[in-house]
Amino acid sequence: MKFTIFDIKYLGILFFSLLLSGSILGQIGAKKKVNAIRTNNPPKIDADLNDEAWKGVPVATGFVQHRPYNGRPASLKSEVKFVYDDIALYVGAMLYDPHPDSILTELSERDDIGVSDYFGVYIDCFNDYLTAYGFLVTSRGVQIDLKSLSDDDEDDSWDAVWKSEVKIIDSGWIVEYKIPYSALRFPKKDVQTWGLQIYRDIMRYKEHDSWNFIDRKIDGINLQSGILEGVRDIVPPLRLSFVPYLSGYIEKDPHSPSWGYSYNYGLDVKYGINESFTLDMTLIPDFGQVQADDEIYNLSPFEVYYDEKRPFFMEGTELFDKGDVFYSRRIGSKPSGYYNAYYDLEENEIVTDNPSTTQLINAAKITGKTKKNLAVGIFNGITANTYAKITDTITGSERKYLSDPYTNYNMIVLDQSFKNNSYVSLYNTNVYKPDAGFSANVSSTEFKLNNNTNKYAVEGQASISQIYNSGFHPELGYTYSLSAGKVSGNFTFDLSHELIDDKYNPNHMGFLRHNNLISDELSLGYKVYEPFGIFLDLGTHAWFEYRSLYNPREFTQFDLGISTYARFTNFLSAWFRVSGTPVDSYDFYEPRVDGRYYVRPPGYKIKAGVSPDYRKKLVIDLKGSLRHSPRYDQSTYSFNTEPRFRASDKLMLSLEVDYAYSKNSIGYVDDTTGTDGNQDILFGKRNIDTWENILKANYKFNNKSSLSLRLRHYWITVEYNSYHDLTEEGGLLPSEYNELNDFSFNAFNVDMVYIWNFAPGSEINIVWKNAITTFEEPGIINSILYEMESNYFKNLGNTLQSPATNSFSIKVLYYFDYQYLKRRKKKKG
């Protein structure tokens with residue numbers, strides 16, 4: 001029997017699986033413990049620890065450094081105490097500092113630390129190392145709340161309602177918290193044992209300290225937390241809160257002769273079904289104040305991925321973030337028949353109204369975890385029928401065109417967790433359009449198994465997609481991936497295999513750039529965690545990847561590369577990366593015709609960057625890259641710089657300048673059916689200039705209110721040098737085609753936002769949004785391209801004189817908590 005390198009790899013992964021499956025129940029390291037004391041007289045939250053409740057309470061102390069000197073004693077002493085009653089957990093911290101005037105105190109927006117000292121408590125109520133709730137506060141009293149997840153990621157979109165106060169005194173600074181039990185999820189039992197980690201950051205030393213030692217060589221931060229004991233006889237409260245909103249808009253778009261007025265109202269509801277499960281709902285949501293997307297002109301054959309910015313879809317969705325099958329931007333996105341409205345016009349008809357997004361009626365999610373560590377997530381979203389309006393220019397009559405039918409989006413997740421960050425998951429998504437007779441379904445599973453020291457891991461994932469469309473045969477596709485490696489220690493490695501067949505399609509609710517892929521990759525890494533010489537951190541990473549099509553089994557690409565990074569004792573960071581494709585690559589996607597490919601010649605790419613110490617008032621980040629392929633004299637270089645100026649503890653200014661130039665970039669132009677019945681594919685050599693500039697200004701009035709301004713200008717010009725016919729063998733031949741395809745595209749956006757958190761969980765947002773897009777048609781661009789190509793500011797001036805969409809809005813949200821209202825009613829009674 002013959003074995004290939006891939007057969008040996010699969011045997012190796014199988015060996016890892018057998019090795020790990022029997023050893024996932026171990027623990028990591030010794031854990032510190034501290035007791036919380038019950039009090040009948042809770043402390044007043046005023047950053048004064050002289051209350052009777054704090055006297056005689058055990059102290060959590062003996063902090064150690066996480067960075068820069070991992071494991072050394074903290075430079076400054078910290079003492080933290082915990083008391084509790086039937087309503088909340090209280091935290092009191094004395095953070096000693098002999099030079100309180102040196103404590104950094106930059107003001108920042110909520111959930112942003114900025115350049116300031118901070119203190120934080122992370123509570124893992126189930127003590128299962130999966131999710132810890134983080135409550136942090138800066139030396140200026142700015143609150144940050146987040147979830148620390150089992151994969152060492154953090155979800156800062158999670159928001160809770162809690163109280164905190166800070167005070168700088170002669171011996172350091174004091175922190176005091178009140179964390180209501182309604183902000184936590186904990187099991188219903190007499191005695192609680194909670195995972196606990198406490199952090200302190202001394203910004204002037206760039207020192208990050210933890211109470212329980214965190215070994216940076218070991219994967220899994222939550223695994224290395226301590227224990228909070230002593231909490232007993234507390235009852236999970238009824239977690240019920242409402243956030244109604246009212247918003248008003250004054251808007252004008254380029255196609256309207258006058259300003260339009262509108263208002264919206266709706267409600268967000270959070271309900272604790274029991275101590276472990278929570279229902280979140282948004283009814284008639286309004287996302288009109290969300291920051292505009294950073295729109296680009298897409299020359300590639302693949303869809304552009306845009307980040308989610310709508311609050312409801314950002315908070316509490318980490319359980320659904322699996323296998324790329326849940327891309328929440330699909331819900332309430334551009335109607336599937338948006339462009340069809342223009343193709344369905346009859347004589348003398350025009351489209352007078354065509355909504356660019358579908359109307360989301362409501363969305364809901366249920367998330368939680370059983371006592372046996374089975375996490376359950378259920379999501380549902382519903383969008384209404386969306387219509388374009390078509391008008392007859394002669395008679396004035398109007399008709400509606402259905403651009404997207406009523407749609408129901410669903411996802412369910414079952415995630416069983418084990419010790420040491422191991423888990424097995426099952427999940428399913430379904431998109432149903434009953435009036436269209438359409439359904440898309442994806443069923444998946446994935447797992448991760450770590451050994452008892454958390455050094456080695458095996459991961460896998462598999463999905464099946466099914467699309468049912470009335471009148472058509474069902475489309476079935478599948479994908480799977482498998483990897484094994486060493487995930488902790490100085491030296492790490494990972495060996496992975498991925499297969500996506502040519503029918504797999506999760507994109508009705510998920511995101512996949514392309515299918516029909518087989519990928520095998522080996523990656524190697526080495527990190528030095530202990531400072532030495534001029535280095536605080538040093539690491540390098542190398543990889544080798546072999547790609548092919550699934551159908552037909554054709555080689556497509558082999559690439560390899562190496563990268564290194566370093567952080568120096570002056571806290572300057574630098575990185576360098578070299579990668580390349582040493583042999584021809586076969587691109588089956590750029591031609592946009594099944595079975596055809598373009599042979600991309602070998603090439604290399606070099607990238608480098610430096611980032612300074614952000615404690616300084618003026619800092620400048622620098623990045624650059626160079627890519628070259630000699631066969632067609634192709635080269636691309638880019639440059640990015642971002643100066644940041646901290647004018648004061650209240651005002652921050654930054655300007656990001658990103659420029660890229662591509663010479664002889666080769667890509668698709670058009671395709672037609674030839675006289676022989678085959679597709680004639682036209683490619684072009686083009687020079688591409690791209691600018692993206694982002695100006696930000698942020699002024700914080702105090703830790704409750706701020707004003708921010710963000711201006712973004714994106715400008716791309718494309719000038720074709722020559723046209724070529726793509727041969728059957730993937731080469732290029734000169735073409736007689738001589739039409740003009742040069743163009744220039746601009747996108748300019750302004751987002752100005754004032755936020756005032758006038759009460760816990762309640763805020764007022766006042767927003768101005770301005771948007772301009774221009775596209776210079778062939779023929780027009782040729783006359784102005786050379787005038788503007790070398791003059792960025794002339795082009796910007798021309799863009800700013802173009803018709804714009806303007807929106808002024810105000811939105812008021814008010815937080816109602818059932819427990820608070822109940823206690824207030826009792827007091828009045």
# chains A, B, ... in the order shown; residues from 1 in each chain; ligands from 1
call {"tool": "residues_around", "arguments": {"residues": "stretch 152-165 of chain A", "least_positions_apart": "2", "cutoff": "8 Å", "atoms": "only C-alpha atoms", "output": "compact mmCIF listing (two decimals) with N, CA and C atoms, in the first residue's frame"}}
result
# COMPACT_ATOMS: atom_id res chain seq x y z
N ILE A 45 -21.84 53.46 47.17
CA ILE A 45 -20.88 53.45 46.06
C ILE A 45 -20.40 54.88 45.84
N ASP A 46 -19.30 55.21 46.53
CA ASP A 46 -18.77 56.57 46.47
C ASP A 46 -17.24 56.59 46.47
N ALA A 47 -16.61 55.41 46.23
CA ALA A 47 -15.15 55.30 46.22
C ALA A 47 -14.55 55.71 47.56
N ASP A 111 -16.83 51.70 27.03
CA ASP A 111 -16.26 50.50 26.42
C ASP A 111 -14.94 50.75 25.72
N VAL A 137 -13.18 49.53 34.92
CA VAL A 137 -13.38 50.97 35.05
C VAL A 137 -12.00 51.64 34.96
N GLY A 141 -13.21 56.89 35.61
CA GLY A 141 -14.56 56.44 35.87
C GLY A 141 -15.32 55.94 34.65
N GLN A 143 -16.73 53.27 32.26
CA GLN A 143 -17.05 51.85 32.40
C GLN A 143 -16.80 51.09 31.10
N ILE A 144 -16.27 49.88 31.26
CA ILE A 144 -16.10 48.93 30.17
C ILE A 144 -16.66 47.61 30.65
N ASP A 145 -17.61 47.03 29.91
CA ASP A 145 -18.10 45.70 30.26
C ASP A 145 -18.00 44.81 29.03
N LEU A 146 -17.69 43.55 29.27
CA LEU A 146 -17.43 42.65 28.16
C LEU A 146 -17.57 41.21 28.63
N LYS A 147 -17.50 40.30 27.65
CA LYS A 147 -17.46 38.88 27.94
C LYS A 147 -16.11 38.34 27.50
N SER A 148 -15.45 37.60 28.39
CA SER A 148 -14.22 36.90 28.04
C SER A 148 -14.60 35.48 27.67
N LEU A 149 -14.30 35.09 26.43
CA LEU A 149 -14.77 33.82 25.90
C LEU A 149 -13.69 32.75 25.97
N SER A 150 -14.09 31.51 25.77
CA SER A 150 -13.18 30.37 25.95
C SER A 150 -12.05 30.35 24.96
N LYS A 167 -11.83 57.28 42.74
CA LYS A 167 -11.30 58.49 43.38
C LYS A 167 -9.78 58.35 43.50
N VAL A 175 -11.43 52.18 43.92
CA VAL A 175 -12.52 51.76 43.03
C VAL A 175 -13.59 51.09 43.88
N GLU A 176 -14.85 51.37 43.57
CA GLU A 176 -15.95 50.72 44.26
C GLU A 176 -17.03 50.37 43.23
N TYR A 177 -17.53 49.11 43.30
CA TYR A 177 -18.52 48.60 42.36
C TYR A 177 -19.76 48.15 43.10
N LYS A 178 -20.87 48.20 42.38
CA LYS A 178 -22.08 47.44 42.73
C LYS A 178 -22.53 46.73 41.45
N ILE A 179 -22.46 45.39 41.46
CA ILE A 179 -22.85 44.60 40.30
C ILE A 179 -24.15 43.88 40.65
N PRO A 180 -25.28 44.36 40.17
CA PRO A 180 -26.56 43.68 40.48
C PRO A 180 -26.57 42.25 39.92
N ALA A 183 -27.30 41.51 36.31
CA ALA A 183 -26.27 41.64 35.27
C ALA A 183 -25.51 40.34 35.05
N ASP A 219 -2.42 28.28 26.39
CA ASP A 219 -3.61 28.74 25.70
C ASP A 219 -4.83 28.63 26.64
N GLY A 220 -5.58 29.72 26.76
CA GLY A 220 -6.78 29.69 27.60
C GLY A 220 -6.66 30.55 28.84
N ILE A 221 -7.08 31.81 28.74
CA ILE A 221 -6.99 32.74 29.87
C ILE A 221 -8.01 32.38 30.95
N ASN A 222 -9.24 32.05 30.55
CA ASN A 222 -10.27 31.74 31.55
C ASN A 222 -9.90 30.53 32.39
N PRO A 311 -26.45 47.29 16.94
CA PRO A 311 -26.23 46.81 18.32
C PRO A 311 -26.88 45.47 18.63
N MET A 314 -24.89 42.61 17.40
CA MET A 314 -23.51 42.53 17.90
C MET A 314 -23.45 41.95 19.30
N GLU A 315 -24.46 42.24 20.12
CA GLU A 315 -24.44 41.82 21.52
C GLU A 315 -25.03 40.43 21.69
N GLY A 316 -24.30 39.58 22.39
CA GLY A 316 -24.82 38.28 22.77
C GLY A 316 -24.98 37.31 21.62
N GLU A 318 -22.22 35.66 20.27
CA GLU A 318 -21.00 34.85 20.15
C GLU A 318 -21.30 33.36 20.00
N PRO A 760 -28.43 55.23 34.06
CA PRO A 760 -27.93 53.88 33.79
C PRO A 760 -28.73 53.19 32.69
N GLY A 761 -28.03 52.75 31.64
CA GLY A 761 -28.67 52.06 30.53
C GLY A 761 -29.48 52.94 29.61
call {"tool": "residues_around", "arguments": {"residues": "A:Ser665", "least_positions_apart": "2", "cutoff": "10 Å", "atoms": "only C-alpha atoms", "output": "MDAnalysis selection string"}}
result
chainID A and resid 632:636 661:663 667 684:688 718 720:721
call {"tool": "select_by_dssp", "arguments": {"residues": "stretch 219-379 of chain A", "states": "strand (DSSP E)", "output": "ChimeraX atom specification"}}
result
/A:226-229,240-252,260-272,278-283,349-353,360-369,374-379
call {"tool": "residues_around", "arguments": {"residues": "A:Asn765", "least_positions_apart": "3", "cutoff": "9 Å", "atoms": "only C-alpha atoms", "output": "PDB file with N, CA and C atoms, in the first residue's frame"}}
result
ATOM      1  N   GLN A 289     -29.144  55.283  12.765  1.00  0.00           N
ATOM      2  CA  GLN A 289     -28.013  56.051  13.281  1.00  0.00           C
ATOM      3  C   GLN A 289     -26.696  55.271  13.252  1.00  0.00           C
ATOM      4  N   VAL A 753     -21.560  62.228  15.919  1.00  0.00           N
ATOM      5  CA  VAL A 753     -22.430  61.607  16.914  1.00  0.00           C
ATOM      6  C   VAL A 753     -22.197  62.239  18.280  1.00  0.00           C
ATOM      7  N   TYR A 754     -23.282  62.701  18.889  1.00  0.00           N
ATOM      8  CA  TYR A 754     -23.238  63.134  20.286  1.00  0.00           C
ATOM      9  C   TYR A 754     -23.983  62.101  21.119  1.00  0.00           C
ATOM     10  N   ILE A 755     -23.349  61.619  22.177  1.00  0.00           N
ATOM     11  CA  ILE A 755     -23.944  60.617  23.063  1.00  0.00           C
ATOM     12  C   ILE A 755     -23.951  61.156  24.491  1.00  0.00           C
ATOM     13  N   TRP A 756     -25.090  61.037  25.124  1.00  0.00           N
ATOM     14  CA  TRP A 756     -25.212  61.403  26.543  1.00  0.00           C
ATOM     15  C   TRP A 756     -25.887  60.251  27.265  1.00  0.00           C
ATOM     16  N   ASN A 757     -25.140  59.577  28.143  1.00  0.00           N
ATOM     17  CA  ASN A 757     -25.686  58.522  28.996  1.00  0.00           C
ATOM     18  C   ASN A 757     -26.252  59.194  30.248  1.00  0.00           C
ATOM     19  N   SER A 809     -30.761  63.306  12.985  1.00  0.00           N
ATOM     20  CA  SER A 809     -31.672  62.476  13.771  1.00  0.00           C
ATOM     21  C   SER A 809     -31.378  62.606  15.256  1.00  0.00           C
ATOM     22  N   ILE A 810     -32.397  62.325  16.028  1.00  0.00           N
ATOM     23  CA  ILE A 810     -32.266  62.258  17.487  1.00  0.00           C
ATOM     24  C   ILE A 810     -32.987  61.007  17.958  1.00  0.00           C
ATOM     25  N   LYS A 811     -32.375  60.308  18.878  1.00  0.00           N
ATOM     26  CA  LYS A 811     -32.941  59.059  19.378  1.00  0.00           C
ATOM     27  C   LYS A 811     -32.791  59.035  20.889  1.00  0.00           C
ATOM     28  N   VAL A 812     -33.879  58.720  21.559  1.00  0.00           N
ATOM     29  CA  VAL A 812     -33.892  58.641  23.024  1.00  0.00           C
ATOM     30  C   VAL A 812     -34.218  57.205  23.428  1.00  0.00           C
ATOM     31  N   LEU A 813     -33.361  56.616  24.259  1.00  0.00           N
ATOM     32  CA  LEU A 813     -33.601  55.282  24.813  1.00  0.00           C
ATOM     33  C   LEU A 813     -33.638  55.396  26.328  1.00  0.00           C
TER      34      LEU A 813
END
call {"tool": "residues_around", "arguments": {"residues": "A:Ile227", "least_positions_apart": "6", "cutoff": "7 Å", "atoms": "only C-alpha atoms", "output": "list in words"}}
result
Lys31, Lys32, Lys33, Val34, Thr193, Trp194, Gly195 and Leu196 of chain A
call {"tool": "residues_around", "arguments": {"residues": "stretch 646-660 of chain A", "least_positions_apart": "6", "cutoff": "6 Å", "atoms": "only C-alpha atoms", "output": "ChimeraX atom specification"}}
result
/A:106-107,617,637-640,690-700
call {"tool": "closest_residue", "arguments": {"among": "A:Arg710, A:Ser422, A:Gly288, A:Tyr456", "to": "A:Glu251", "atoms": "only C-alpha atoms"}}
result
A:Gly288
call {"tool": "atom_distance", "arguments": {"atom1": "atom CA of A:Ile534", "atom2": "atom CA of A:Thr569"}}
result
5.5 Å
call {"tool": "atom_distance", "arguments": {"atom1": "atom CA of A:Met509", "atom2": "atom CA of A:Pro355"}}
result
20.2 Å
call {"tool": "closest_atom_pairs", "arguments": {"of": "stretch 183-252 of chain A", "to": "stretch 366-377 of chain A", "cutoff": "10 Å", "atoms": "only C-alpha atoms", "output": "CSV"}}
result
residue,atom,partner,partner_atom,distance
A:Arg185,CA,A:Gly368,CA,8.6
A:Phe186,CA,A:Lys369,CA,9.8
A:Pro187,CA,A:Lys371,CA,7.2
A:Lys188,CA,A:Lys371,CA,9.3
call {"tool": "select_by_dssp", "arguments": {"residues": "stretch 257-421 of chain A", "states": "alpha helix (DSSP H)", "output": "list in words"}}
result
Pro311, Phe312, Phe313, Met314, Asn340, Ala341, Tyr342 and Tyr343 of chain A
call {"tool": "write_last_selection", "arguments": {"atoms": "all heavy atoms", "output": "JSON list (two decimals), in the first residue's frame"}}
result
[["chain", "number", "residue", "atom", "x", "y", "z"],
["A", 311, "PRO", "N", -26.45, 47.29, 16.94],
["A", 311, "PRO", "CA", -26.23, 46.81, 18.32],
["A", 311, "PRO", "C", -26.88, 45.47, 18.63],
["A", 311, "PRO", "O", -26.26, 44.61, 19.26],
["A", 311, "PRO", "CB", -26.82, 47.94, 19.17],
["A", 311, "PRO", "CG", -26.71, 49.15, 18.33],
["A", 311, "PRO", "CD", -26.93, 48.69, 16.93],
["A", 312, "PHE", "N", -28.12, 45.25, 18.22],
["A", 312, "PHE", "CA", -28.80, 44.01, 18.58],
["A", 312, "PHE", "C", -28.07, 42.80, 18.02],
["A", 312, "PHE", "O", -28.04, 41.73, 18.65],
["A", 312, "PHE", "CB", -30.24, 44.03, 18.07],
["A", 312, "PHE", "CG", -31.01, 42.76, 18.39],
["A", 312, "PHE", "CD1", -31.60, 42.60, 19.63],
["A", 312, "PHE", "CD2", -31.12, 41.74, 17.46],
["A", 312, "PHE", "CE1", -32.30, 41.43, 19.94],
["A", 312, "PHE", "CE2", -31.82, 40.57, 17.74],
["A", 312, "PHE", "CZ", -32.40, 40.41, 18.99],
["A", 313, "PHE", "N", -27.49, 42.93, 16.83],
["A", 313, "PHE", "CA", -26.83, 41.80, 16.18],
["A", 313, "PHE", "C", -25.36, 41.67, 16.60],
["A", 313, "PHE", "O", -24.69, 40.73, 16.19],
["A", 313, "PHE", "CB", -26.93, 41.94, 14.66],
["A", 313, "PHE", "CG", -28.32, 41.81, 14.14],
["A", 313, "PHE", "CD1", -29.06, 42.93, 13.80],
["A", 313, "PHE", "CD2", -28.92, 40.56, 14.03],
["A", 313, "PHE", "CE1", -30.35, 42.82, 13.32],
["A", 313, "PHE", "CE2", -30.22, 40.44, 13.56],
["A", 313, "PHE", "CZ", -30.94, 41.57, 13.21],
["A", 314, "MET", "N", -24.89, 42.61, 17.40],
["A", 314, "MET", "CA", -23.51, 42.53, 17.90],
["A", 314, "MET", "C", -23.45, 41.95, 19.30],
["A", 314, "MET", "O", -22.50, 41.24, 19.65],
["A", 314, "MET", "CB", -22.88, 43.92, 17.89],
["A", 314, "MET", "CG", -22.67, 44.51, 16.51],
["A", 314, "MET", "SD", -22.10, 46.22, 16.57],
["A", 314, "MET", "CE", -20.52, 46.03, 17.38],
["A", 340, "ASN", "N", -33.78, 43.72, -10.19],
["A", 340, "ASN", "CA", -34.79, 43.21, -11.11],
["A", 340, "ASN", "C", -35.87, 44.26, -11.41],
["A", 340, "ASN", "O", -36.52, 44.21, -12.46],
["A", 340, "ASN", "CB", -35.43, 41.95, -10.55],
["A", 340, "ASN", "CG", -34.46, 40.80, -10.46],
["A", 340, "ASN", "OD1", -33.41, 40.82, -11.10],
["A", 340, "ASN", "ND2", -34.78, 39.79, -9.67],
["A", 341, "ALA", "N", -36.08, 45.16, -10.46],
["A", 341, "ALA", "CA", -37.09, 46.20, -10.68],
["A", 341, "ALA", "C", -36.78, 47.03, -11.91],
["A", 341, "ALA", "O", -37.69, 47.47, -12.64],
["A", 341, "ALA", "CB", -37.19, 47.10, -9.44],
["A", 342, "TYR", "N", -35.49, 47.24, -12.17],
["A", 342, "TYR", "CA", -35.09, 48.04, -13.33],
["A", 342, "TYR", "C", -35.21, 47.24, -14.63],
["A", 342, "TYR", "O", -35.37, 47.82, -15.70],
["A", 342, "TYR", "CB", -33.67, 48.55, -13.14],
["A", 342, "TYR", "CG", -33.51, 49.44, -11.94],
["A", 342, "TYR", "CD1", -33.08, 48.93, -10.71],
["A", 342, "TYR", "CD2", -33.81, 50.81, -12.01],
["A", 342, "TYR", "CE1", -32.95, 49.75, -9.60],
["A", 342, "TYR", "CE2", -33.69, 51.63, -10.90],
["A", 342, "TYR", "CZ", -33.25, 51.09, -9.70],
["A", 342, "TYR", "OH", -33.13, 51.90, -8.60],
["A", 343, "TYR", "N", -35.12, 45.92, -14.53],
["A", 343, "TYR", "CA", -35.22, 45.08, -15.72],
["A", 343, "TYR", "C", -36.68, 44.79, -16.09],
["A", 343, "TYR", "O", -36.96, 44.35, -17.21],
["A", 343, "TYR", "CB", -34.50, 43.75, -15.50],
["A", 343, "TYR", "CG", -33.05, 43.89, -15.12],
["A", 343, "TYR", "CD1", -32.45, 43.03, -14.21],
["A", 343, "TYR", "CD2", -32.25, 44.90, -15.67],
["A", 343, "TYR", "CE1", -31.12, 43.16, -13.85],
["A", 343, "TYR", "CE2", -30.93, 45.05, -15.32],
["A", 343, "TYR", "CZ", -30.36, 44.18, -14.41],
["A", 343, "TYR", "OH", -29.04, 44.30, -14.06]]
call {"tool": "atom_distance", "arguments": {"atom1": "atom CA of A:Tyr205", "atom2": "atom CA of A:Glu109"}}
result
22.8 Å
call {"tool": "residues_around", "arguments": {"residues": "stretch 75-86 of chain A", "least_positions_apart": "2", "cutoff": "8 Å", "atoms": "only C-alpha atoms", "output": "JSON, numbers by chain"}}
result
{"A": [35, 36, 37, 38, 39, 40, 42, 53, 54, 57, 58, 59, 60, 61, 62, 63, 73, 88, 89, 90, 91, 92, 93, 94, 95, 96, 97, 231, 234, 235]}
call {"tool": "residues_around", "arguments": {"residues": "A:Ile378", "least_positions_apart": "2", "cutoff": "6 Å", "atoms": "only C-alpha atoms", "output": "list in words"}}
result
Lys365, Ile366, Met411 and Ile412 of chain A
